[in-house]
$ cat protein33.pdb   # PDB, N, CA and C atoms
MODEL        1
ATOM      1  N   MET A 921      12.788 -46.844-125.140
ATOM      2  CA  MET A 921      12.470 -47.248-123.771
ATOM      3  C   MET A 921      11.517 -48.433-123.819
ATOM      4  N   GLN A 922      11.805 -49.433-123.041
ATOM      5  CA  GLN A 922      10.949 -50.613-123.008
ATOM      6  C   GLN A 922      10.181 -50.638-121.688
ATOM      7  N   PHE A 923       8.882 -50.868-121.786
ATOM      8  CA  PHE A 923       8.017 -50.934-120.614
ATOM      9  C   PHE A 923       7.624 -52.379-120.369
ATOM     10  N   LYS A 924       7.514 -52.741-119.097
ATOM     11  CA  LYS A 924       7.166 -54.117-118.746
ATOM     12  C   LYS A 924       5.928 -54.145-117.854
ATOM     13  N   GLU A 925       4.997 -55.018-118.251
ATOM     14  CA  GLU A 925       3.797 -55.217-117.441
ATOM     15  C   GLU A 925       4.208 -55.765-116.077
ATOM     16  N   GLY A 926       3.600 -55.255-115.028
ATOM     17  CA  GLY A 926       3.902 -55.693-113.675
ATOM     18  C   GLY A 926       5.042 -54.921-113.029
ATOM     19  N   ILE A 927       5.812 -54.216-113.835
ATOM     20  CA  ILE A 927       6.901 -53.389-113.320
ATOM     21  C   ILE A 927       6.593 -51.920-113.570
ATOM     22  N   ASP A 928       6.306 -51.583-114.824
ATOM     23  CA  ASP A 928       6.040 -50.197-115.193
ATOM     24  C   ASP A 928       4.551 -49.864-115.242
ATOM     25  N   TYR A 929       3.729 -50.864-115.472
ATOM     26  CA  TYR A 929       2.284 -50.665-115.525
ATOM     27  C   TYR A 929       1.559 -51.967-115.201
ATOM     28  N   ASN A 930       0.313 -51.839-114.815
ATOM     29  CA  ASN A 930      -0.568 -52.988-114.582
ATOM     30  C   ASN A 930      -1.898 -52.714-115.248
ATOM     31  N   TYR A 931      -2.562 -53.779-115.644
ATOM     32  CA  TYR A 931      -3.941 -53.661-116.103
ATOM     33  C   TYR A 931      -4.841 -53.636-114.877
ATOM     34  N   VAL A 932      -5.829 -52.752-114.878
ATOM     35  CA  VAL A 932      -6.759 -52.640-113.752
ATOM     36  C   VAL A 932      -8.174 -52.485-114.297
ATOM     37  N   ILE A 933      -9.141 -52.880-113.492
ATOM     38  CA  ILE A 933     -10.536 -52.643-113.819
ATOM     39  C   ILE A 933     -11.014 -51.530-112.901
ATOM     40  N   PRO A 934     -11.241 -50.339-113.459
ATOM     41  CA  PRO A 934     -11.686 -49.212-112.634
ATOM     42  C   PRO A 934     -13.031 -49.508-111.971
ATOM     43  N   GLU A 935     -13.227 -48.963-110.776
ATOM     44  CA  GLU A 935     -14.440 -49.211-110.007
ATOM     45  C   GLU A 935     -15.713 -48.882-110.779
ATOM     46  N   ASN A 936     -15.725 -47.775-111.478
ATOM     47  CA  ASN A 936     -16.940 -47.344-112.164
ATOM     48  C   ASN A 936     -16.984 -47.764-113.628
ATOM     49  N   GLU A 937     -16.063 -48.613-114.073
ATOM     50  CA  GLU A 937     -15.989 -49.041-115.470
ATOM     51  C   GLU A 937     -15.833 -50.556-115.529
ATOM     52  N   SER A 938     -16.855 -51.293-115.199
ATOM     53  CA  SER A 938     -16.726 -52.743-115.085
ATOM     54  C   SER A 938     -16.543 -53.460-116.422
ATOM     55  N   THR A 939     -16.783 -52.789-117.545
ATOM     56  CA  THR A 939     -16.672 -53.461-118.837
ATOM     57  C   THR A 939     -15.385 -53.131-119.582
ATOM     58  N   THR A 940     -14.567 -52.257-119.041
ATOM     59  CA  THR A 940     -13.334 -51.884-119.733
ATOM     60  C   THR A 940     -12.135 -52.054-118.804
ATOM     61  N   VAL A 941     -10.984 -52.127-119.412
ATOM     62  CA  VAL A 941      -9.743 -52.301-118.660
ATOM     63  C   VAL A 941      -8.940 -51.008-118.746
ATOM     64  N   GLY A 942      -8.390 -50.597-117.630
ATOM     65  CA  GLY A 942      -7.525 -49.434-117.582
ATOM     66  C   GLY A 942      -6.084 -49.857-117.391
ATOM     67  N   ILE A 943      -5.213 -48.897-117.457
ATOM     68  CA  ILE A 943      -3.797 -49.128-117.212
ATOM     69  C   ILE A 943      -3.360 -48.181-116.117
ATOM     70  N   LYS A 944      -2.717 -48.739-115.099
ATOM     71  CA  LYS A 944      -2.180 -47.929-114.000
ATOM     72  C   LYS A 944      -0.668 -47.879-114.152
ATOM     73  N   LEU A 945      -0.132 -46.668-114.192
ATOM     74  CA  LEU A 945       1.315 -46.490-114.294
ATOM     75  C   LEU A 945       1.947 -46.678-112.921
ATOM     76  N   LEU A 946       2.958 -47.508-112.846
ATOM     77  CA  LEU A 946       3.605 -47.839-111.577
ATOM     78  C   LEU A 946       4.936 -47.128-111.383
ATOM     79  N   THR A 947       5.529 -46.652-112.467
ATOM     80  CA  THR A 947       6.834 -45.988-112.394
ATOM     81  C   THR A 947       6.812 -44.742-113.272
ATOM     82  N   GLY A 948       7.875 -43.991-113.226
ATOM     83  CA  GLY A 948       8.051 -42.860-114.126
ATOM     84  C   GLY A 948       7.397 -41.584-113.644
ATOM     85  N   PRO A 949       7.424 -40.577-114.504
ATOM     86  CA  PRO A 949       6.948 -39.240-114.122
ATOM     87  C   PRO A 949       5.435 -39.141-113.956
ATOM     88  N   PHE A 950       4.694 -40.166-114.396
ATOM     89  CA  PHE A 950       3.235 -40.137-114.305
ATOM     90  C   PHE A 950       2.704 -41.264-113.427
ATOM     91  N   ARG A 951       3.527 -41.675-112.477
ATOM     92  CA  ARG A 951       3.178 -42.757-111.558
ATOM     93  C   ARG A 951       1.804 -42.512-110.931
ATOM     94  N   ASP A 952       1.027 -43.581-110.811
ATOM     95  CA  ASP A 952      -0.309 -43.611-110.193
ATOM     96  C   ASP A 952      -1.420 -43.048-111.063
ATOM     97  N   VAL A 953      -1.140 -42.683-112.302
ATOM     98  CA  VAL A 953      -2.202 -42.285-113.219
ATOM     99  C   VAL A 953      -2.860 -43.557-113.754
ATOM    100  N   VAL A 954      -4.192 -43.562-113.807
ATOM    101  CA  VAL A 954      -4.956 -44.658-114.404
ATOM    102  C   VAL A 954      -5.665 -44.089-115.621
ATOM    103  N   TYR A 955      -5.520 -44.776-116.733
ATOM    104  CA  TYR A 955      -6.124 -44.296-117.976
ATOM    105  C   TYR A 955      -6.558 -45.474-118.842
ATOM    106  N   GLN A 956      -7.310 -45.157-119.895
ATOM    107  CA  GLN A 956      -7.738 -46.164-120.861
ATOM    108  C   GLN A 956      -7.436 -45.655-122.261
ATOM    109  N   TYR A 957      -7.156 -46.583-123.151
ATOM    110  CA  TYR A 957      -7.034 -46.239-124.556
ATOM    111  C   TYR A 957      -8.407 -46.347-125.195
ATOM    112  N   GLY A 958      -8.673 -45.438-126.120
ATOM    113  CA  GLY A 958      -9.876 -45.510-126.931
ATOM    114  C   GLY A 958      -9.489 -46.006-128.312
ATOM    115  N   LYS A 959     -10.025 -45.378-129.326
ATOM    116  CA  LYS A 959      -9.758 -45.756-130.711
ATOM    117  C   LYS A 959      -8.281 -45.551-131.035
ATOM    118  N   VAL A 960      -7.698 -46.545-131.697
ATOM    119  CA  VAL A 960      -6.291 -46.503-132.102
ATOM    120  C   VAL A 960      -6.237 -46.643-133.614
ATOM    121  N   LYS A 961      -5.425 -45.809-134.257
ATOM    122  CA  LYS A 961      -5.286 -45.915-135.712
ATOM    123  C   LYS A 961      -3.906 -45.451-136.143
ATOM    124  N   PHE A 962      -3.504 -45.905-137.303
ATOM    125  CA  PHE A 962      -2.261 -45.452-137.908
ATOM    126  C   PHE A 962      -2.595 -44.321-138.864
ATOM    127  N   GLU A 963      -1.786 -43.252-138.810
ATOM    128  CA  GLU A 963      -2.009 -42.088-139.652
ATOM    129  C   GLU A 963      -0.757 -41.805-140.466
ATOM    130  N   GLU A 964      -0.974 -41.411-141.714
ATOM    131  CA  GLU A 964       0.157 -41.052-142.563
ATOM    132  C   GLU A 964       0.390 -39.558-142.476
ATOM    133  N   GLY A 965       1.623 -39.178-142.217
ATOM    134  CA  GLY A 965       1.977 -37.771-142.107
ATOM    135  C   GLY A 965       2.739 -37.305-143.322
ATOM    136  N   ALA A 966       3.325 -36.132-143.206
ATOM    137  CA  ALA A 966       4.163 -35.600-144.281
ATOM    138  C   ALA A 966       5.347 -36.532-144.495
ATOM    139  N   ASN A 967       5.862 -36.549-145.701
ATOM    140  CA  ASN A 967       7.026 -37.383-146.051
ATOM    141  C   ASN A 967       6.750 -38.874-145.891
ATOM    142  N   ASP A 968       5.482 -39.267-145.973
ATOM    143  CA  ASP A 968       5.073 -40.675-145.872
ATOM    144  C   ASP A 968       5.429 -41.318-144.532
ATOM    145  N   ASP A 969       5.628 -40.526-143.500
ATOM    146  CA  ASP A 969       5.849 -41.060-142.164
ATOM    147  C   ASP A 969       4.531 -41.628-141.646
ATOM    148  N   ILE A 970       4.605 -42.672-140.843
ATOM    149  CA  ILE A 970       3.423 -43.283-140.250
ATOM    150  C   ILE A 970       3.437 -42.968-138.754
ATOM    151  N   TYR A 971       2.298 -42.498-138.268
ATOM    152  CA  TYR A 971       2.155 -42.164-136.857
ATOM    153  C   TYR A 971       1.046 -42.990-136.244
ATOM    154  N   LEU A 972       1.194 -43.294-134.981
ATOM    155  CA  LEU A 972       0.157 -43.990-134.233
ATOM    156  C   LEU A 972      -0.722 -42.936-133.573
ATOM    157  N   GLY A 973      -1.974 -42.898-133.968
ATOM    158  CA  GLY A 973      -2.919 -41.975-133.367
ATOM    159  C   GLY A 973      -3.846 -42.727-132.426
ATOM    160  N   PHE A 974      -4.181 -42.118-131.314
ATOM    161  CA  PHE A 974      -5.071 -42.784-130.372
ATOM    162  C   PHE A 974      -5.777 -41.765-129.496
ATOM    163  N   ILE A 975      -6.894 -42.210-128.980
ATOM    164  CA  ILE A 975      -7.657 -41.432-128.012
ATOM    165  C   ILE A 975      -7.439 -42.090-126.661
ATOM    166  N   TYR A 976      -7.398 -41.293-125.615
ATOM    167  CA  TYR A 976      -7.250 -41.855-124.280
ATOM    168  C   TYR A 976      -8.133 -41.085-123.300
ATOM    169  N   ASN A 977      -8.407 -41.723-122.193
ATOM    170  CA  ASN A 977      -9.229 -41.124-121.142
ATOM    171  C   ASN A 977      -8.528 -41.336-119.805
ATOM    172  N   VAL A 978      -8.220 -40.260-119.111
ATOM    173  CA  VAL A 978      -7.620 -40.369-117.774
ATOM    174  C   VAL A 978      -8.745 -40.608-116.776
ATOM    175  N   ILE A 979      -8.632 -41.694-116.023
ATOM    176  CA  ILE A 979      -9.662 -42.074-115.056
ATOM    177  C   ILE A 979      -9.315 -41.567-113.661
ATOM    178  N   GLU A 980      -8.052 -41.718-113.283
ATOM    179  CA  GLU A 980      -7.587 -41.256-111.971
ATOM    180  C   GLU A 980      -6.207 -40.625-112.135
ATOM    181  N   SER A 981      -5.986 -39.531-111.418
ATOM    182  CA  SER A 981      -4.676 -38.891-111.473
ATOM    183  C   SER A 981      -4.433 -38.081-110.204
ATOM    184  N   PRO A 982      -3.249 -38.240-109.609
ATOM    185  CA  PRO A 982      -2.888 -37.401-108.470
ATOM    186  C   PRO A 982      -2.331 -36.041-108.902
ATOM    187  N   TYR A 983      -2.275 -35.802-110.211
ATOM    188  CA  TYR A 983      -1.652 -34.594-110.751
ATOM    189  C   TYR A 983      -2.703 -33.615-111.275
ATOM    190  N   GLU A 984      -2.302 -32.355-111.379
ATOM    191  CA  GLU A 984      -3.142 -31.329-111.998
ATOM    192  C   GLU A 984      -3.331 -31.665-113.477
ATOM    193  N   LYS A 985      -4.451 -31.279-114.030
ATOM    194  CA  LYS A 985      -4.757 -31.586-115.421
ATOM    195  C   LYS A 985      -3.672 -31.071-116.370
ATOM    196  N   ASP A 986      -3.100 -29.907-116.088
ATOM    197  CA  ASP A 986      -2.070 -29.332-116.952
ATOM    198  C   ASP A 986      -0.801 -30.184-117.002
ATOM    199  N   TYR A 987      -0.578 -31.009-115.972
ATOM    200  CA  TYR A 987       0.615 -31.865-115.935
ATOM    201  C   TYR A 987       0.532 -32.973-116.984
ATOM    202  N   LEU A 988      -0.685 -33.377-117.315
ATOM    203  CA  LEU A 988      -0.893 -34.450-118.275
ATOM    204  C   LEU A 988      -0.966 -33.845-119.684
ATOM    205  N   ASN A 989       0.198 -33.488-120.196
ATOM    206  CA  ASN A 989       0.319 -32.745-121.431
ATOM    207  C   ASN A 989       0.816 -33.629-122.570
ATOM    208  N   GLU A 990       1.452 -33.022-123.548
ATOM    209  CA  GLU A 990       1.970 -33.762-124.708
ATOM    210  C   GLU A 990       3.009 -34.803-124.284
ATOM    211  N   LYS A 991       3.797 -34.505-123.248
ATOM    212  CA  LYS A 991       4.768 -35.497-122.755
ATOM    213  C   LYS A 991       4.049 -36.732-122.239
ATOM    214  N   PHE A 992       2.912 -36.526-121.572
ATOM    215  CA  PHE A 992       2.115 -37.656-121.088
ATOM    216  C   PHE A 992       1.606 -38.475-122.270
ATOM    217  N   LYS A 993       1.061 -37.805-123.287
ATOM    218  CA  LYS A 993       0.538 -38.534-124.450
ATOM    219  C   LYS A 993       1.650 -39.320-125.136
ATOM    220  N   ASN A 994       2.833 -38.750-125.271
ATOM    221  CA  ASN A 994       3.956 -39.475-125.863
ATOM    222  C   ASN A 994       4.355 -40.671-125.008
ATOM    223  N   TYR A 995       4.331 -40.485-123.695
ATOM    224  CA  TYR A 995       4.701 -41.548-122.752
ATOM    225  C   TYR A 995       3.748 -42.734-122.891
ATOM    226  N   ILE A 996       2.434 -42.458-122.853
ATOM    227  CA  ILE A 996       1.481 -43.571-122.950
ATOM    228  C   ILE A 996       1.421 -44.109-124.385
ATOM    229  N   GLY A 997       1.818 -43.295-125.361
ATOM    230  CA  GLY A 997       1.935 -43.793-126.730
ATOM    231  C   GLY A 997       3.040 -44.827-126.835
ATOM    232  N   ASP A 998       4.152 -44.588-126.154
ATOM    233  CA  ASP A 998       5.248 -45.563-126.128
ATOM    234  C   ASP A 998       4.796 -46.863-125.461
ATOM    235  N   ILE A 999       3.990 -46.750-124.414
ATOM    236  CA  ILE A 999       3.463 -47.953-123.756
ATOM    237  C   ILE A 999       2.530 -48.699-124.700
ATOM    238  N   LEU A1000       1.692 -47.971-125.424
ATOM    239  CA  LEU A1000       0.786 -48.602-126.385
ATOM    240  C   LEU A1000       1.564 -49.363-127.458
ATOM    241  N   VAL A1001       2.627 -48.774-127.969
ATOM    242  CA  VAL A1001       3.462 -49.462-128.954
ATOM    243  C   VAL A1001       4.025 -50.743-128.359
ATOM    244  N   GLU A1002       4.478 -50.685-127.110
ATOM    245  CA  GLU A1002       5.024 -51.868-126.447
ATOM    246  C   GLU A1002       3.954 -52.947-126.283
ATOM    247  N   ILE A1003       2.758 -52.555-125.858
ATOM    248  CA  ILE A1003       1.660 -53.515-125.683
ATOM    249  C   ILE A1003       1.299 -54.156-127.026
ATOM    250  N   MET A1004       1.193 -53.341-128.068
ATOM    251  CA  MET A1004       0.866 -53.887-129.386
ATOM    252  C   MET A1004       1.957 -54.828-129.881
ATOM    253  N   SER A1005       3.215 -54.477-129.670
ATOM    254  CA  SER A1005       4.334 -55.336-130.083
ATOM    255  C   SER A1005       4.289 -56.676-129.357
ATOM    256  N   GLN A1006       4.017 -56.641-128.062
ATOM    257  CA  GLN A1006       3.928 -57.878-127.292
ATOM    258  C   GLN A1006       2.778 -58.748-127.785
ATOM    259  N   ASN A1007       1.634 -58.127-128.103
ATOM    260  CA  ASN A1007       0.490 -58.890-128.586
ATOM    261  C   ASN A1007       0.736 -59.468-129.971
ATOM    262  N   ILE A1008       1.498 -58.776-130.810
ATOM    263  CA  ILE A1008       1.871 -59.326-132.119
ATOM    264  C   ILE A1008       2.776 -60.533-131.921
ATOM    265  N   GLU A1009       3.754 -60.414-131.014
ATOM    266  CA  GLU A1009       4.659 -61.537-130.732
ATOM    267  C   GLU A1009       3.908 -62.746-130.204
ATOM    268  N   LYS A1010       2.869 -62.527-129.405
ATOM    269  CA  LYS A1010       2.068 -63.614-128.843
ATOM    270  C   LYS A1010       1.044 -64.161-129.836
ATOM    271  N   GLY A1011       0.908 -63.506-130.987
ATOM    272  CA  GLY A1011      -0.054 -63.944-131.988
ATOM    273  C   GLY A1011      -1.475 -63.497-131.707
ATOM    274  N   LEU A1012      -1.649 -62.537-130.797
ATOM    275  CA  LEU A1012      -2.988 -62.050-130.473
ATOM    276  C   LEU A1012      -3.441 -60.956-131.427
ATOM    277  N   LEU A1013      -2.492 -60.297-132.081
ATOM    278  CA  LEU A1013      -2.749 -59.255-133.075
ATOM    279  C   LEU A1013      -1.838 -59.505-134.256
ATOM    280  N   ASP A1014      -2.258 -59.070-135.432
ATOM    281  CA  ASP A1014      -1.315 -59.046-136.542
ATOM    282  C   ASP A1014      -0.841 -57.611-136.745
ATOM    283  N   GLU A1015       0.028 -57.402-137.708
ATOM    284  CA  GLU A1015       0.606 -56.077-137.914
ATOM    285  C   GLU A1015      -0.438 -55.025-138.294
ATOM    286  N   ALA A1016      -1.593 -55.465-138.788
ATOM    287  CA  ALA A1016      -2.658 -54.538-139.165
ATOM    288  C   ALA A1016      -3.588 -54.238-137.991
ATOM    289  N   GLY A1017      -3.357 -54.885-136.853
ATOM    290  CA  GLY A1017      -4.176 -54.642-135.674
ATOM    291  C   GLY A1017      -5.384 -55.556-135.567
ATOM    292  N   THR A1018      -5.435 -56.606-136.401
ATOM    293  CA  THR A1018      -6.551 -57.538-136.338
ATOM    294  C   THR A1018      -6.448 -58.378-135.079
ATOM    295  N   ASP A1019      -7.535 -58.461-134.363
ATOM    296  CA  ASP A1019      -7.622 -59.159-133.082
ATOM    297  C   ASP A1019      -7.943 -60.634-133.341
ATOM    298  N   TYR A1020      -7.123 -61.557-132.811
ATOM    299  CA  TYR A1020      -7.338 -62.978-133.011
ATOM    300  C   TYR A1020      -7.803 -63.699-131.756
ATOM    301  N   ILE A1021      -8.340 -62.965-130.805
ATOM    302  CA  ILE A1021      -8.849 -63.603-129.594
ATOM    303  C   ILE A1021     -10.212 -64.166-129.911
ATOM    304  N   GLU A1022     -10.383 -65.468-129.670
ATOM    305  CA  GLU A1022     -11.640 -66.127-129.996
ATOM    306  C   GLU A1022     -12.642 -65.977-128.878
ATOM    307  N   ASP A1023     -13.895 -65.860-129.266
ATOM    308  CA  ASP A1023     -14.995 -65.826-128.309
ATOM    309  C   ASP A1023     -15.378 -67.275-128.028
ATOM    310  N   SER A1024     -15.339 -67.680-126.769
ATOM    311  CA  SER A1024     -15.576 -69.088-126.407
ATOM    312  C   SER A1024     -16.993 -69.544-126.729
ATOM    313  N   ASP A1025     -17.944 -68.605-126.911
ATOM    314  CA  ASP A1025     -19.313 -68.985-127.227
ATOM    315  C   ASP A1025     -19.520 -69.328-128.697
ATOM    316  N   THR A1026     -18.522 -69.088-129.546
ATOM    317  CA  THR A1026     -18.715 -69.298-130.963
ATOM    318  C   THR A1026     -18.283 -70.681-131.417
ATOM    319  N   LYS A1027     -17.779 -71.513-130.567
ATOM    320  CA  LYS A1027     -17.316 -72.860-130.947
ATOM    321  C   LYS A1027     -18.444 -73.849-130.942
TER     322      LYS A1027
ENDMDL
END

$ encode --input "protein33.pdb" --output "structure tokens"
Amino acid sequence: MQFKEGIDYNYVIPENESTTVGIKLLTGPFRDVVYQYGKVKFEEGANDDIYLGFIYNVIESPYEKDYLNEKFKNYIGDILVEIMSQNIEKGLLDEAGTDYIEDSDTK
């Protein structure tokens, strides 16, 4: 499944979190949920499989807490993969997750 910014999700700045960016889901089974990603890492599983591990924080949700279950985590994990892939294509990240955004004060 491919997710598109502006169609399936938008970046938002939550009212009480002026220093971080959240993601608001615009479509799908978790529409109107706002959340943030925390630490992201790649983990090696059994059989040398690689998994994307991440922490997330739900900021706003019209749903009961029990609704935001493993299906929700898989859903936002797919979005995270899409965001990372887009940033690699744009040259903002490399495959190891290194951030290449320059700080304008360092020039």

$ select_by_dssp --input "protein33.pdb" --residues "chain A" --states "alpha helix (DSSP H)" --output "list in words"
Glu990, Lys991, Phe992, Lys993, Asn994, Tyr995, Ile996, Gly997, Asp998, Ile999, Leu1000, Val1001, Glu1002, Ile1003, Met1004, Ser1005, Gln1006, Asn1007, Ile1008 and Glu1009 of chain A

$ resolve_selection --input "protein33.pdb" --expression "the PyMOL selection byres (((chain A and resi 986-1003 and name CA) around 8) and name CA)" --output "list in words"
Met921, Gln922, Phe923, Phe950, Leu972, Phe974, Tyr983, Glu984, Lys985, Met1004, Ser1005, Gln1006 and Asn1007 of chain A

$ atom_distance --input "protein33.pdb" --atom1 "atom CA of Glu963 of chain A" --atom2 "atom CA of Thr940 of chain A"
24.9 Å

$ residues_around --input "protein33.pdb" --residues "segment 976-980 of chain A" --least-positions-apart "5" --cutoff "8 Å" --atoms "only C-alpha atoms" --output "count of residues only"
9

$ atom_distance --input "protein33.pdb" --atom1 "atom C of Gly942 of chain A" --atom2 "atom CA of Asp969 of chain A"
28.9 Å

$ select_by_dssp --input "protein33.pdb" --residues "chain A" --states "strand (DSSP E or B)" --output "PyMOL selection string"
chain A and resi 925+929-932+942-945+954-964+970-980+1013+1019

$ atom_distance --input "protein33.pdb" --atom1 "atom CA of Gly973 of chain A" --atom2 "atom CA of Val960 of chain A"
5.8 Å

$ residues_around --input "protein33.pdb" --residues "Tyr971 of chain A" --least-positions-apart "5" --cutoff "6 Å" --atoms "all atoms listed in the file" --output "list in words"
Lys961, Phe962, Glu963, Glu964 and Gly965 of chain A

$ write_last_selection --input "protein33.pdb" --atoms "N, CA and C atoms" --output "tab-separated table (two decimals), in the frame of the given file"
chain	number	residue	atom	x	y	z
A	961	LYS	N	-5.42	-45.81	-134.26
A	961	LYS	CA	-5.29	-45.92	-135.71
A	961	LYS	C	-3.91	-45.45	-136.14
A	962	PHE	N	-3.50	-45.90	-137.30
A	962	PHE	CA	-2.26	-45.45	-137.91
A	962	PHE	C	-2.60	-44.32	-138.86
A	963	GLU	N	-1.79	-43.25	-138.81
A	963	GLU	CA	-2.01	-42.09	-139.65
A	963	GLU	C	-0.76	-41.80	-140.47
A	964	GLU	N	-0.97	-41.41	-141.71
A	964	GLU	CA	0.16	-41.05	-142.56
A	964	GLU	C	0.39	-39.56	-142.48
A	965	GLY	N	1.62	-39.18	-142.22
A	965	GLY	CA	1.98	-37.77	-142.11
A	965	GLY	C	2.74	-37.30	-143.32

$ closest_residue --input "protein33.pdb" --among "A:Leu946, A:Val941, A:Lys1010, A:Asp968" --to "Gly926 of chain A" --atoms "all atoms listed in the file"
A:Leu946
